[in-house]
file model_39.pdb (PDB, C-alpha atoms, pLDDT in the B column)
ATOM      1  CA  MET A   1       6.786  19.781   9.999  1.00 78.00           C
ATOM      2  CA  TYR A   2       3.583  18.865  11.814  1.00 88.00           C
ATOM      3  CA  ASP A   3       0.786  17.571   9.542  1.00 97.00           C
ATOM      4  CA  ARG A   4      -2.342  18.760  11.354  1.00 97.00           C
ATOM      5  CA  GLN A   5      -4.739  17.453   8.692  1.00 98.00           C
ATOM      6  CA  ALA A   6      -3.231  13.956   8.891  1.00 98.00           C
ATOM      7  CA  LEU A   7      -3.727  14.004  12.679  1.00 98.00           C
ATOM      8  CA  ILE A   8      -7.366  15.062  12.239  1.00 98.00           C
ATOM      9  CA  GLU A   9      -7.922  12.177   9.819  1.00 98.00           C
ATOM     10  CA  ILE A  10      -6.340   9.508  12.035  1.00 98.00           C
ATOM     11  CA  VAL A  11      -8.208  10.732  15.130  1.00 98.00           C
ATOM     12  CA  ARG A  12     -11.475  10.707  13.144  1.00 97.00           C
ATOM     13  CA  GLU A  13     -10.766   7.196  11.813  1.00 98.00           C
ATOM     14  CA  LYS A  14      -9.301   5.510  14.919  1.00 98.00           C
ATOM     15  CA  ALA A  15     -10.453   7.391  18.031  1.00 97.00           C
ATOM     16  CA  LEU A  16     -13.811   9.113  17.501  1.00 97.00           C
ATOM     17  CA  THR A  17     -16.972   7.151  18.306  1.00 96.00           C
ATOM     18  CA  PHE A  18     -20.563   8.391  18.555  1.00 95.00           C
ATOM     19  CA  GLY A  19     -23.123   7.052  21.062  1.00 93.00           C
ATOM     20  CA  ASP A  20     -23.983   7.570  24.740  1.00 93.00           C
ATOM     21  CA  PHE A  21     -20.944   7.817  27.015  1.00 91.00           C
ATOM     22  CA  THR A  22     -20.002   8.821  30.548  1.00 88.00           C
ATOM     23  CA  LEU A  23     -16.644  10.578  30.628  1.00 81.00           C
ATOM     24  CA  ALA A  24     -13.978  10.479  33.357  1.00 76.00           C
ATOM     25  CA  SER A  25     -15.297  13.884  34.449  1.00 75.00           C
ATOM     26  CA  GLY A  26     -18.700  12.292  35.076  1.00 81.00           C
ATOM     27  CA  LYS A  27     -20.247  14.269  32.223  1.00 81.00           C
ATOM     28  CA  LYS A  28     -22.512  12.557  29.704  1.00 87.00           C
ATOM     29  CA  ALA A  29     -21.479  12.843  26.075  1.00 88.00           C
ATOM     30  CA  SER A  30     -22.718  11.907  22.609  1.00 92.00           C
ATOM     31  CA  PHE A  31     -19.176  11.136  21.433  1.00 93.00           C
ATOM     32  CA  TYR A  32     -16.039   9.578  22.846  1.00 92.00           C
ATOM     33  CA  LEU A  33     -12.421  10.209  21.928  1.00 94.00           C
ATOM     34  CA  ASP A  34     -10.182   7.245  22.744  1.00 95.00           C
ATOM     35  CA  CYS A  35      -6.916   8.977  21.939  1.00 96.00           C
ATOM     36  CA  ARG A  36      -4.888   5.948  23.059  1.00 96.00           C
ATOM     37  CA  LYS A  37      -5.910   4.394  19.736  1.00 97.00           C
ATOM     38  CA  VAL A  38      -3.921   7.214  18.123  1.00 98.00           C
ATOM     39  CA  SER A  39      -1.106   7.743  20.646  1.00 98.00           C
ATOM     40  CA  LEU A  40      -0.304   4.005  20.507  1.00 98.00           C
ATOM     41  CA  HIS A  41      -0.511   3.855  16.698  1.00 98.00           C
ATOM     42  CA  PRO A  42       2.819   4.193  14.812  1.00 97.00           C
ATOM     43  CA  VAL A  43       1.614   6.992  12.531  1.00 97.00           C
ATOM     44  CA  GLY A  44      -0.480   8.682  15.213  1.00 98.00           C
ATOM     45  CA  ALA A  45       2.338   8.658  17.771  1.00 98.00           C
ATOM     46  CA  ASN A  46       4.648  10.389  15.315  1.00 98.00           C
ATOM     47  CA  LEU A  47       2.047  12.999  14.325  1.00 98.00           C
ATOM     48  CA  ILE A  48       1.359  13.769  18.001  1.00 98.00           C
ATOM     49  CA  ALA A  49       5.076  14.001  18.823  1.00 98.00           C
ATOM     50  CA  GLU A  50       5.699  16.301  15.834  1.00 98.00           C
ATOM     51  CA  GLY A  51       2.812  18.551  16.837  1.00 98.00           C
ATOM     52  CA  ILE A  52       3.811  18.777  20.489  1.00 98.00           C
ATOM     53  CA  LEU A  53       7.453  19.491  19.690  1.00 98.00           C
ATOM     54  CA  GLU A  54       6.259  22.256  17.354  1.00 97.00           C
ATOM     55  CA  LEU A  55       4.055  23.698  20.134  1.00 96.00           C
ATOM     56  CA  LEU A  56       6.991  23.617  22.586  1.00 97.00           C
ATOM     57  CA  GLY A  57       8.993  25.761  20.190  1.00 94.00           C
ATOM     58  CA  GLU A  58      12.598  26.897  20.474  1.00 92.00           C
ATOM     59  CA  ASN A  59      12.732  26.915  24.286  1.00 92.00           C
ATOM     60  CA  PRO A  60      11.358  23.538  25.382  1.00 96.00           C
ATOM     61  CA  PRO A  61      10.930  22.709  29.062  1.00 98.00           C
ATOM     62  CA  ASP A  62      13.244  20.320  30.885  1.00 98.00           C
ATOM     63  CA  ALA A  63      10.632  17.545  30.808  1.00 98.00           C
ATOM     64  CA  ILE A  64       7.101  16.572  29.859  1.00 98.00           C
ATOM     65  CA  GLY A  65       4.770  14.072  31.456  1.00 98.00           C
ATOM     66  CA  GLY A  66       1.371  13.527  32.939  1.00 97.00           C
ATOM     67  CA  MET A  67      -1.052  11.229  34.653  1.00 96.00           C
ATOM     68  CA  ALA A  68      -0.663   7.515  34.031  1.00 94.00           C
ATOM     69  CA  ILE A  69      -1.771   5.938  31.739  1.00 92.00           C
ATOM     70  CA  GLY A  70      -3.217   8.335  29.187  1.00 92.00           C
ATOM     71  CA  ALA A  71      -0.161  10.589  29.122  1.00 97.00           C
ATOM     72  CA  ASP A  72       2.403   7.753  29.033  1.00 97.00           C
ATOM     73  CA  PRO A  73       2.420   6.981  25.286  1.00 98.00           C
ATOM     74  CA  ILE A  74       2.351  10.708  24.480  1.00 98.00           C
ATOM     75  CA  THR A  75       5.334  11.339  26.737  1.00 98.00           C
ATOM     76  CA  ALA A  76       7.223   8.379  25.272  1.00 98.00           C
ATOM     77  CA  SER A  77       6.696   9.403  21.642  1.00 98.00           C
ATOM     78  CA  VAL A  78       7.613  13.058  22.247  1.00 98.00           C
ATOM     79  CA  VAL A  79      10.737  12.155  24.230  1.00 98.00           C
ATOM     80  CA  THR A  80      11.784   9.633  21.558  1.00 98.00           C
ATOM     81  CA  LEU A  81      11.408  12.139  18.722  1.00 98.00           C
ATOM     82  CA  ALA A  82      13.150  14.826  20.796  1.00 98.00           C
ATOM     83  CA  GLY A  83      16.070  12.430  21.341  1.00 98.00           C
ATOM     84  CA  GLN A  84      16.332  11.776  17.608  1.00 97.00           C
ATOM     85  CA  ARG A  85      16.622  15.548  17.128  1.00 97.00           C
ATOM     86  CA  ASN A  86      19.124  16.038  19.970  1.00 97.00           C
ATOM     87  CA  ILE A  87      16.605  18.029  22.015  1.00 97.00           C
ATOM     88  CA  PRO A  88      17.368  17.366  25.719  1.00 97.00           C
ATOM     89  CA  LEU A  89      13.746  16.754  26.704  1.00 98.00           C
ATOM     90  CA  ARG A  90      13.085  14.192  29.445  1.00 98.00           C
ATOM     91  CA  GLY A  91       9.849  12.465  30.390  1.00 98.00           C
ATOM     92  CA  PHE A  92       8.086  11.622  33.640  1.00 98.00           C
ATOM     93  CA  ILE A  93       5.004   9.789  34.837  1.00 97.00           C
ATOM     94  CA  VAL A  94       2.587  10.858  37.559  1.00 97.00           C
ATOM     95  CA  ARG A  95       1.168   7.815  39.321  1.00 93.00           C
ATOM     96  CA  LYS A  96      -2.499   7.539  40.225  1.00 87.00           C
ATOM     97  CA  GLU A  97      -1.468   6.334  43.672  1.00 82.00           C
ATOM     98  CA  VAL A  98       1.738   5.981  45.628  1.00 75.00           C
ATOM     99  CA  LYS A  99       3.630   2.763  44.986  1.00 67.00           C
ATOM    100  CA  GLN A 100       3.779   0.704  48.181  1.00 67.00           C
ATOM    101  CA  HIS A 101       7.357  -0.464  47.611  1.00 64.00           C
ATOM    102  CA  GLY A 102      10.605   1.093  46.464  1.00 62.00           C
ATOM    103  CA  VAL A 103      10.871   4.825  47.124  1.00 66.00           C
ATOM    104  CA  GLY A 104       7.100   5.341  47.095  1.00 68.00           C
ATOM    105  CA  ARG A 105       7.052   8.364  44.773  1.00 86.00           C
ATOM    106  CA  MET A 106       4.057   9.820  42.940  1.00 92.00           C
ATOM    107  CA  VAL A 107       6.333  11.218  40.208  1.00 96.00           C
ATOM    108  CA  GLU A 108       8.633   8.809  38.390  1.00 95.00           C
ATOM    109  CA  GLY A 109      11.376   9.471  35.883  1.00 97.00           C
ATOM    110  CA  PRO A 110      14.585  11.460  35.449  1.00 97.00           C
ATOM    111  CA  VAL A 111      13.235  14.713  36.894  1.00 98.00           C
ATOM    112  CA  GLN A 112      14.187  16.664  39.980  1.00 97.00           C
ATOM    113  CA  PRO A 113      12.675  19.509  41.978  1.00 98.00           C
ATOM    114  CA  GLY A 114      13.083  22.802  40.134  1.00 98.00           C
ATOM    115  CA  ASP A 115      12.768  21.316  36.636  1.00 98.00           C
ATOM    116  CA  ARG A 116      10.528  23.268  34.235  1.00 98.00           C
ATOM    117  CA  VAL A 117       7.826  20.935  32.902  1.00 98.00           C
ATOM    118  CA  ILE A 118       4.763  20.707  30.692  1.00 98.00           C
ATOM    119  CA  ILE A 119       1.897  18.400  31.643  1.00 98.00           C
ATOM    120  CA  VAL A 120       0.571  16.348  28.706  1.00 98.00           C
ATOM    121  CA  GLU A 121      -2.890  14.852  28.336  1.00 97.00           C
ATOM    122  CA  ASP A 122      -4.742  12.979  25.616  1.00 96.00           C
ATOM    123  CA  SER A 123      -8.103  14.730  25.728  1.00 94.00           C
ATOM    124  CA  VAL A 124      -9.328  17.494  28.018  1.00 94.00           C
ATOM    125  CA  THR A 125     -12.919  17.908  29.144  1.00 90.00           C
ATOM    126  CA  THR A 126     -12.933  19.636  32.546  1.00 90.00           C
ATOM    127  CA  GLY A 127      -9.186  19.266  33.084  1.00 93.00           C
ATOM    128  CA  GLY A 128      -9.557  17.168  36.236  1.00 92.00           C
ATOM    129  CA  SER A 129      -6.995  14.483  35.416  1.00 91.00           C
ATOM    130  CA  ALA A 130      -4.349  16.944  34.265  1.00 95.00           C
ATOM    131  CA  LEU A 131      -5.002  19.158  37.304  1.00 96.00           C
ATOM    132  CA  ARG A 132      -4.330  16.147  39.566  1.00 95.00           C
ATOM    133  CA  ALA A 133      -1.061  15.621  37.667  1.00 96.00           C
ATOM    134  CA  VAL A 134      -0.249  19.324  38.133  1.00 97.00           C
ATOM    135  CA  ALA A 135      -0.867  19.077  41.887  1.00 97.00           C
ATOM    136  CA  HIS A 136       1.361  16.002  42.306  1.00 96.00           C
ATOM    137  CA  ALA A 137       4.090  17.474  40.101  1.00 97.00           C
ATOM    138  CA  LYS A 138       4.059  20.726  42.105  1.00 97.00           C
ATOM    139  CA  GLU A 139       4.189  18.747  45.346  1.00 96.00           C
ATOM    140  CA  PHE A 140       7.282  16.992  43.971  1.00 96.00           C
ATOM    141  CA  GLY A 141       8.816  20.420  43.300  1.00 98.00           C
ATOM    142  CA  LEU A 142       8.427  20.686  39.543  1.00 98.00           C
ATOM    143  CA  GLN A 143       7.713  24.089  37.979  1.00 98.00           C
ATOM    144  CA  ILE A 144       4.643  23.714  35.768  1.00 98.00           C
ATOM    145  CA  GLU A 145       4.822  25.888  32.654  1.00 97.00           C
ATOM    146  CA  GLY A 146       1.573  24.778  31.032  1.00 97.00           C
ATOM    147  CA  VAL A 147      -0.531  21.923  29.735  1.00 98.00           C
ATOM    148  CA  VAL A 148      -0.533  20.393  26.244  1.00 98.00           C
ATOM    149  CA  ALA A 149      -3.273  18.038  25.018  1.00 98.00           C
ATOM    150  CA  ILE A 150      -4.113  16.272  21.802  1.00 98.00           C
ATOM    151  CA  VAL A 151      -7.791  17.315  21.801  1.00 97.00           C
ATOM    152  CA  ASP A 152      -9.761  19.916  23.765  1.00 96.00           C
ATOM    153  CA  ARG A 153     -13.440  19.001  24.076  1.00 94.00           C
ATOM    154  CA  LEU A 154     -14.089  22.717  24.826  1.00 95.00           C
ATOM    155  CA  GLU A 155     -16.045  21.939  27.988  1.00 92.00           C
ATOM    156  CA  GLY A 156     -14.262  24.012  30.628  1.00 93.00           C
ATOM    157  CA  GLY A 157     -10.775  22.565  30.822  1.00 94.00           C
ATOM    158  CA  ARG A 158      -9.061  25.659  29.407  1.00 96.00           C
ATOM    159  CA  GLU A 159     -10.814  27.831  31.987  1.00 96.00           C
ATOM    160  CA  ALA A 160      -9.936  25.439  34.831  1.00 96.00           C
ATOM    161  CA  PHE A 161      -6.254  25.631  33.878  1.00 97.00           C
ATOM    162  CA  ALA A 162      -6.427  29.429  33.550  1.00 97.00           C
ATOM    163  CA  ALA A 163      -7.830  29.601  37.101  1.00 97.00           C
ATOM    164  CA  GLU A 164      -4.590  27.871  38.197  1.00 96.00           C
ATOM    165  CA  GLY A 165      -2.478  30.290  36.163  1.00 97.00           C
ATOM    166  CA  LEU A 166      -1.775  27.715  33.430  1.00 97.00           C
ATOM    167  CA  VAL A 167      -2.197  27.944  29.681  1.00 97.00           C
ATOM    168  CA  LEU A 168      -3.672  24.994  27.767  1.00 98.00           C
ATOM    169  CA  GLN A 169      -2.344  24.414  24.255  1.00 98.00           C
ATOM    170  CA  THR A 170      -3.918  21.727  22.090  1.00 98.00           C
ATOM    171  CA  LEU A 171      -3.204  20.155  18.746  1.00 98.00           C
ATOM    172  CA  LEU A 172      -6.938  19.904  17.954  1.00 98.00           C
ATOM    173  CA  THR A 173     -10.379  20.750  19.309  1.00 97.00           C
ATOM    174  CA  VAL A 174     -13.704  18.998  18.802  1.00 97.00           C
ATOM    175  CA  ARG A 175     -14.565  21.676  16.237  1.00 97.00           C
ATOM    176  CA  ASP A 176     -11.954  20.079  13.958  1.00 97.00           C
ATOM    177  CA  PHE A 177     -14.441  17.173  13.718  1.00 97.00           C
ATOM    178  CA  GLY A 178     -17.508  19.357  13.150  1.00 95.00           C
ATOM    179  CA  ILE A 179     -18.620  18.942  16.762  1.00 95.00           C
ATOM    180  CA  GLU A 180     -19.857  21.904  18.762  1.00 90.00           C
ATOM    181  CA  PRO A 181     -19.152  21.666  22.497  1.00 83.00           C
ATOM    182  CA  ALA A 182     -21.985  20.862  24.878  1.00 70.00           C
ATOM    183  CA  ALA A 183     -23.667  23.949  26.303  1.00 62.00           C
ATOM    184  CA  GLY A 184     -23.277  24.854  29.962  1.00 52.00           C
TER
END

call {"tool": "encode", "arguments": {"input": "model_39.pdb", "output": "structure tokens"}}
result
Amino acid sequence: MYDRQALIEIVREKALTFGDFTLASGKKASFYLDCRKVSLHPVGANLIAEGILELLGENPPDAIGGMAIGADPITASVVTLAGQRNIPLRGFIVRKEVKQHGVGRMVEGPVQPGDRVIIVEDSVTTGGSALRAVAHAKEFGLQIEGVVAIVDRLEGGREAFAAEGLVLQTLLTVRDFGIEPAAG
């Protein structure tokens, strides 16, 4: 069973920093969430995997994955826990750029066109990174069933996914840390 409160505490302790930051989206922020400090932590990785498997429910997709490198530890922990529970969930990685050797694919892993997948992300602001992963995964032939993130900053990502016909599910939002999203 997913322990949401324990995840809130470890994110607060390990990943949440206050100050002046520029996010990947280009937006300025008064706080930063470095979720890799949680997704690469032994307790945090397990809490995230538990929560995501719970969100996926009784009919999980064929695979989960997302944009390198933020999604990689999330994918690995969820796939590992799924394997321990005999859930046939595979993982994949979406590269930031095409590899110049080998088969030169943007999507790596044991997936094939037609597979039903969920895109995973650590934190969502505007959704830009995950939307790039969605575009590359679709180009590869994967059927995107939605997006799952650890934390939603509540700054437009959910609406950006909805505009693409995708639902965003998250384990937490910034409100879980007493933070109200930036206006406009």

call {"tool": "resolve_selection", "arguments": {"input": "model_39.pdb", "expression": "the PyMOL selection byres ((chain A and resi 92) around 8)", "output": "MDAnalysis selection string"}}
result
chainID A and resid 63:66 75 90:91 93:94 107:111

call {"tool": "resolve_selection", "arguments": {"input": "model_39.pdb", "expression": "the PyMOL selection byres ((chain A and resi 162-164) around 12)", "output": "NGL selection string"}}
result
:A and (126-128 or 130-132 or 134-135 or 138 or 144-147 or 156-161 or 165-169)

call {"tool": "write_last_selection", "arguments": {"input": "model_39.pdb", "atoms": "C-alpha atoms", "output": "JSON list (two decimals), in the coordinates of the input"}}
result
[["chain", "number", "residue", "atom", "x", "y", "z"],
["A", 126, "THR", "CA", -12.93, 19.64, 32.55],
["A", 127, "GLY", "CA", -9.19, 19.27, 33.08],
["A", 128, "GLY", "CA", -9.56, 17.17, 36.24],
["A", 130, "ALA", "CA", -4.35, 16.94, 34.26],
["A", 131, "LEU", "CA", -5.00, 19.16, 37.30],
["A", 132, "ARG", "CA", -4.33, 16.15, 39.57],
["A", 134, "VAL", "CA", -0.25, 19.32, 38.13],
["A", 135, "ALA", "CA", -0.87, 19.08, 41.89],
["A", 138, "LYS", "CA", 4.06, 20.73, 42.10],
["A", 144, "ILE", "CA", 4.64, 23.71, 35.77],
["A", 145, "GLU", "CA", 4.82, 25.89, 32.65],
["A", 146, "GLY", "CA", 1.57, 24.78, 31.03],
["A", 147, "VAL", "CA", -0.53, 21.92, 29.74],
["A", 156, "GLY", "CA", -14.26, 24.01, 30.63],
["A", 157, "GLY", "CA", -10.78, 22.56, 30.82],
["A", 158, "ARG", "CA", -9.06, 25.66, 29.41],
["A", 159, "GLU", "CA", -10.81, 27.83, 31.99],
["A", 160, "ALA", "CA", -9.94, 25.44, 34.83],
["A", 161, "PHE", "CA", -6.25, 25.63, 33.88],
["A", 165, "GLY", "CA", -2.48, 30.29, 36.16],
["A", 166, "LEU", "CA", -1.78, 27.72, 33.43],
["A", 167, "VAL", "CA", -2.20, 27.94, 29.68],
["A", 168, "LEU", "CA", -3.67, 24.99, 27.77],
["A", 169, "GLN", "CA", -2.34, 24.41, 24.26]]

call {"tool": "closest_residue", "arguments": {"input": "model_39.pdb", "among": "A:Val98, A:Cys35, A:Leu40, A:Val124", "to": "Ala76 in chain A", "atoms": "all atoms listed in the file"}}
result
A:Leu40

call {"tool": "residues_near_point", "arguments": {"input": "model_39.pdb", "point": "(-26.6, 9.7, 23.6)", "cutoff": "7 Å", "atoms": "only C-alpha atoms", "output": "list in words"}}
result
Gly19, Asp20, Phe21, Ala29 and Ser30 of chain A

call {"tool": "residues_around", "arguments": {"input": "model_39.pdb", "residues": "Lys28 in chain A", "least_positions_apart": "4", "cutoff": "12 Å", "atoms": "all atoms listed in the file", "output": "list in words"}}
result
Gly19, Asp20, Phe21, Thr22, Leu23, Ala24, Tyr32, Thr125, Glu155, Ala182 and Ala183 of chain A

call {"tool": "atom_distance", "arguments": {"input": "model_39.pdb", "atom1": "CA of Asp176 in chain A", "atom2": "CA of Glu13 in chain A"}}
result
13.1 Å

call {"tool": "resolve_selection", "arguments": {"input": "model_39.pdb", "expression": "the PyMOL selection byres ((chain A and resi 56) around 12)", "output": "count of residues only"}}
result
32

call {"tool": "decode", "arguments": {"input": "model_39.pdb", "residues": "range 45-76 of chain A", "atoms": "N, CA and C atoms", "output": "PDB file, in the first residue's frame"}}
result
ATOM      1  N   ALA A  45      12.601   5.800  -3.958  1.00  0.00           N
ATOM      2  CA  ALA A  45      12.330   5.013  -5.169  1.00  0.00           C
ATOM      3  C   ALA A  45      11.204   4.019  -4.927  1.00  0.00           C
ATOM      4  N   ASN A  46      11.213   3.386  -3.768  1.00  0.00           N
ATOM      5  CA  ASN A  46      10.162   2.424  -3.451  1.00  0.00           C
ATOM      6  C   ASN A  46       8.810   3.101  -3.247  1.00  0.00           C
ATOM      7  N   LEU A  47       8.792   4.246  -2.576  1.00  0.00           N
ATOM      8  CA  LEU A  47       7.535   4.974  -2.377  1.00  0.00           C
ATOM      9  C   LEU A  47       6.947   5.413  -3.719  1.00  0.00           C
ATOM     10  N   ILE A  48       7.798   5.916  -4.606  1.00  0.00           N
ATOM     11  CA  ILE A  48       7.355   6.350  -5.934  1.00  0.00           C
ATOM     12  C   ILE A  48       6.805   5.157  -6.719  1.00  0.00           C
ATOM     13  N   ALA A  49       7.539   4.056  -6.714  1.00  0.00           N
ATOM     14  CA  ALA A  49       7.105   2.860  -7.452  1.00  0.00           C
ATOM     15  C   ALA A  49       5.766   2.350  -6.925  1.00  0.00           C
ATOM     16  N   GLU A  50       5.620   2.304  -5.600  1.00  0.00           N
ATOM     17  CA  GLU A  50       4.359   1.870  -4.984  1.00  0.00           C
ATOM     18  C   GLU A  50       3.212   2.774  -5.443  1.00  0.00           C
ATOM     19  N   GLY A  51       3.437   4.072  -5.372  1.00  0.00           N
ATOM     20  CA  GLY A  51       2.399   5.030  -5.745  1.00  0.00           C
ATOM     21  C   GLY A  51       2.009   4.924  -7.205  1.00  0.00           C
ATOM     22  N   ILE A  52       2.989   4.800  -8.079  1.00  0.00           N
ATOM     23  CA  ILE A  52       2.687   4.709  -9.513  1.00  0.00           C
ATOM     24  C   ILE A  52       1.974   3.404  -9.833  1.00  0.00           C
ATOM     25  N   LEU A  53       2.421   2.296  -9.261  1.00  0.00           N
ATOM     26  CA  LEU A  53       1.721   1.038  -9.508  1.00  0.00           C
ATOM     27  C   LEU A  53       0.272   1.120  -9.025  1.00  0.00           C
ATOM     28  N   GLU A  54       0.056   1.801  -7.905  1.00  0.00           N
ATOM     29  CA  GLU A  54      -1.316   1.979  -7.406  1.00  0.00           C
ATOM     30  C   GLU A  54      -2.136   2.819  -8.386  1.00  0.00           C
ATOM     31  N   LEU A  55      -1.541   3.896  -8.923  1.00  0.00           N
ATOM     32  CA  LEU A  55      -2.236   4.729  -9.906  1.00  0.00           C
ATOM     33  C   LEU A  55      -2.574   3.940 -11.173  1.00  0.00           C
ATOM     34  N   LEU A  56      -1.684   3.046 -11.591  1.00  0.00           N
ATOM     35  CA  LEU A  56      -1.901   2.274 -12.821  1.00  0.00           C
ATOM     36  C   LEU A  56      -3.053   1.285 -12.667  1.00  0.00           C
ATOM     37  N   GLY A  57      -3.298   0.853 -11.442  1.00  0.00           N
ATOM     38  CA  GLY A  57      -4.458   0.025 -11.163  1.00  0.00           C
ATOM     39  C   GLY A  57      -4.378  -1.392 -11.689  1.00  0.00           C
ATOM     40  N   GLU A  58      -5.546  -1.975 -11.892  1.00  0.00           N
ATOM     41  CA  GLU A  58      -5.677  -3.391 -12.265  1.00  0.00           C
ATOM     42  C   GLU A  58      -5.358  -3.678 -13.732  1.00  0.00           C
ATOM     43  N   ASN A  59      -5.380  -2.653 -14.569  1.00  0.00           N
ATOM     44  CA  ASN A  59      -5.125  -2.848 -15.999  1.00  0.00           C
ATOM     45  C   ASN A  59      -3.945  -1.984 -16.444  1.00  0.00           C
ATOM     46  N   PRO A  60      -2.731  -2.365 -16.002  1.00  0.00           N
ATOM     47  CA  PRO A  60      -1.571  -1.526 -16.336  1.00  0.00           C
ATOM     48  C   PRO A  60      -1.281  -1.542 -17.835  1.00  0.00           C
ATOM     49  N   PRO A  61      -0.573  -0.533 -18.307  1.00  0.00           N
ATOM     50  CA  PRO A  61      -0.182  -0.510 -19.719  1.00  0.00           C
ATOM     51  C   PRO A  61       0.866  -1.593 -19.979  1.00  0.00           C
ATOM     52  N   ASP A  62       1.292  -1.678 -21.227  1.00  0.00           N
ATOM     53  CA  ASP A  62       2.363  -2.616 -21.582  1.00  0.00           C
ATOM     54  C   ASP A  62       3.714  -2.136 -21.052  1.00  0.00           C
ATOM     55  N   ALA A  63       3.891  -0.799 -21.023  1.00  0.00           N
ATOM     56  CA  ALA A  63       5.195  -0.246 -20.634  1.00  0.00           C
ATOM     57  C   ALA A  63       5.035   1.169 -20.103  1.00  0.00           C
ATOM     58  N   ILE A  64       6.061   1.604 -19.372  1.00  0.00           N
ATOM     59  CA  ILE A  64       6.150   2.990 -18.923  1.00  0.00           C
ATOM     60  C   ILE A  64       7.544   3.498 -19.248  1.00  0.00           C
ATOM     61  N   GLY A  65       7.648   4.800 -19.433  1.00  0.00           N
ATOM     62  CA  GLY A  65       8.950   5.398 -19.693  1.00  0.00           C
ATOM     63  C   GLY A  65       8.785   6.877 -19.941  1.00  0.00           C
ATOM     64  N   GLY A  66       9.900   7.527 -20.186  1.00  0.00           N
ATOM     65  CA  GLY A  66       9.843   8.962 -20.431  1.00  0.00           C
ATOM     66  C   GLY A  66      11.186   9.491 -20.876  1.00  0.00           C
ATOM     67  N   MET A  67      11.291  10.798 -20.828  1.00  0.00           N
ATOM     68  CA  MET A  67      12.466  11.494 -21.327  1.00  0.00           C
ATOM     69  C   MET A  67      13.664  11.276 -20.410  1.00  0.00           C
ATOM     70  N   ALA A  68      14.779  10.888 -21.007  1.00  0.00           N
ATOM     71  CA  ALA A  68      16.026  10.759 -20.270  1.00  0.00           C
ATOM     72  C   ALA A  68      16.408  12.160 -19.759  1.00  0.00           C
ATOM     73  N   ILE A  69      16.886  12.314 -18.590  1.00  0.00           N
ATOM     74  CA  ILE A  69      17.281  11.339 -17.615  1.00  0.00           C
ATOM     75  C   ILE A  69      16.336  11.330 -16.424  1.00  0.00           C
ATOM     76  N   GLY A  70      15.476  12.346 -16.350  1.00  0.00           N
ATOM     77  CA  GLY A  70      14.585  12.465 -15.204  1.00  0.00           C
ATOM     78  C   GLY A  70      13.662  11.280 -15.009  1.00  0.00           C
ATOM     79  N   ALA A  71      13.171  10.717 -16.117  1.00  0.00           N
ATOM     80  CA  ALA A  71      12.230   9.600 -16.022  1.00  0.00           C
ATOM     81  C   ALA A  71      12.930   8.259 -15.787  1.00  0.00           C
ATOM     82  N   ASP A  72      14.219   8.179 -16.059  1.00  0.00           N
ATOM     83  CA  ASP A  72      14.919   6.880 -16.008  1.00  0.00           C
ATOM     84  C   ASP A  72      14.853   6.189 -14.650  1.00  0.00           C
ATOM     85  N   PRO A  73      15.190   6.862 -13.532  1.00  0.00           N
ATOM     86  CA  PRO A  73      15.117   6.150 -12.258  1.00  0.00           C
ATOM     87  C   PRO A  73      13.682   5.801 -11.856  1.00  0.00           C
ATOM     88  N   ILE A  74      12.719   6.616 -12.276  1.00  0.00           N
ATOM     89  CA  ILE A  74      11.316   6.320 -11.987  1.00  0.00           C
ATOM     90  C   ILE A  74      10.917   5.044 -12.721  1.00  0.00           C
ATOM     91  N   THR A  75      11.224   5.010 -14.006  1.00  0.00           N
ATOM     92  CA  THR A  75      10.917   3.831 -14.822  1.00  0.00           C
ATOM     93  C   THR A  75      11.557   2.588 -14.213  1.00  0.00           C
ATOM     94  N   ALA A  76      12.826   2.683 -13.863  1.00  0.00           N
ATOM     95  CA  ALA A  76      13.548   1.523 -13.327  1.00  0.00           C
ATOM     96  C   ALA A  76      12.921   1.015 -12.028  1.00  0.00           C
TER      97      ALA A  76
END
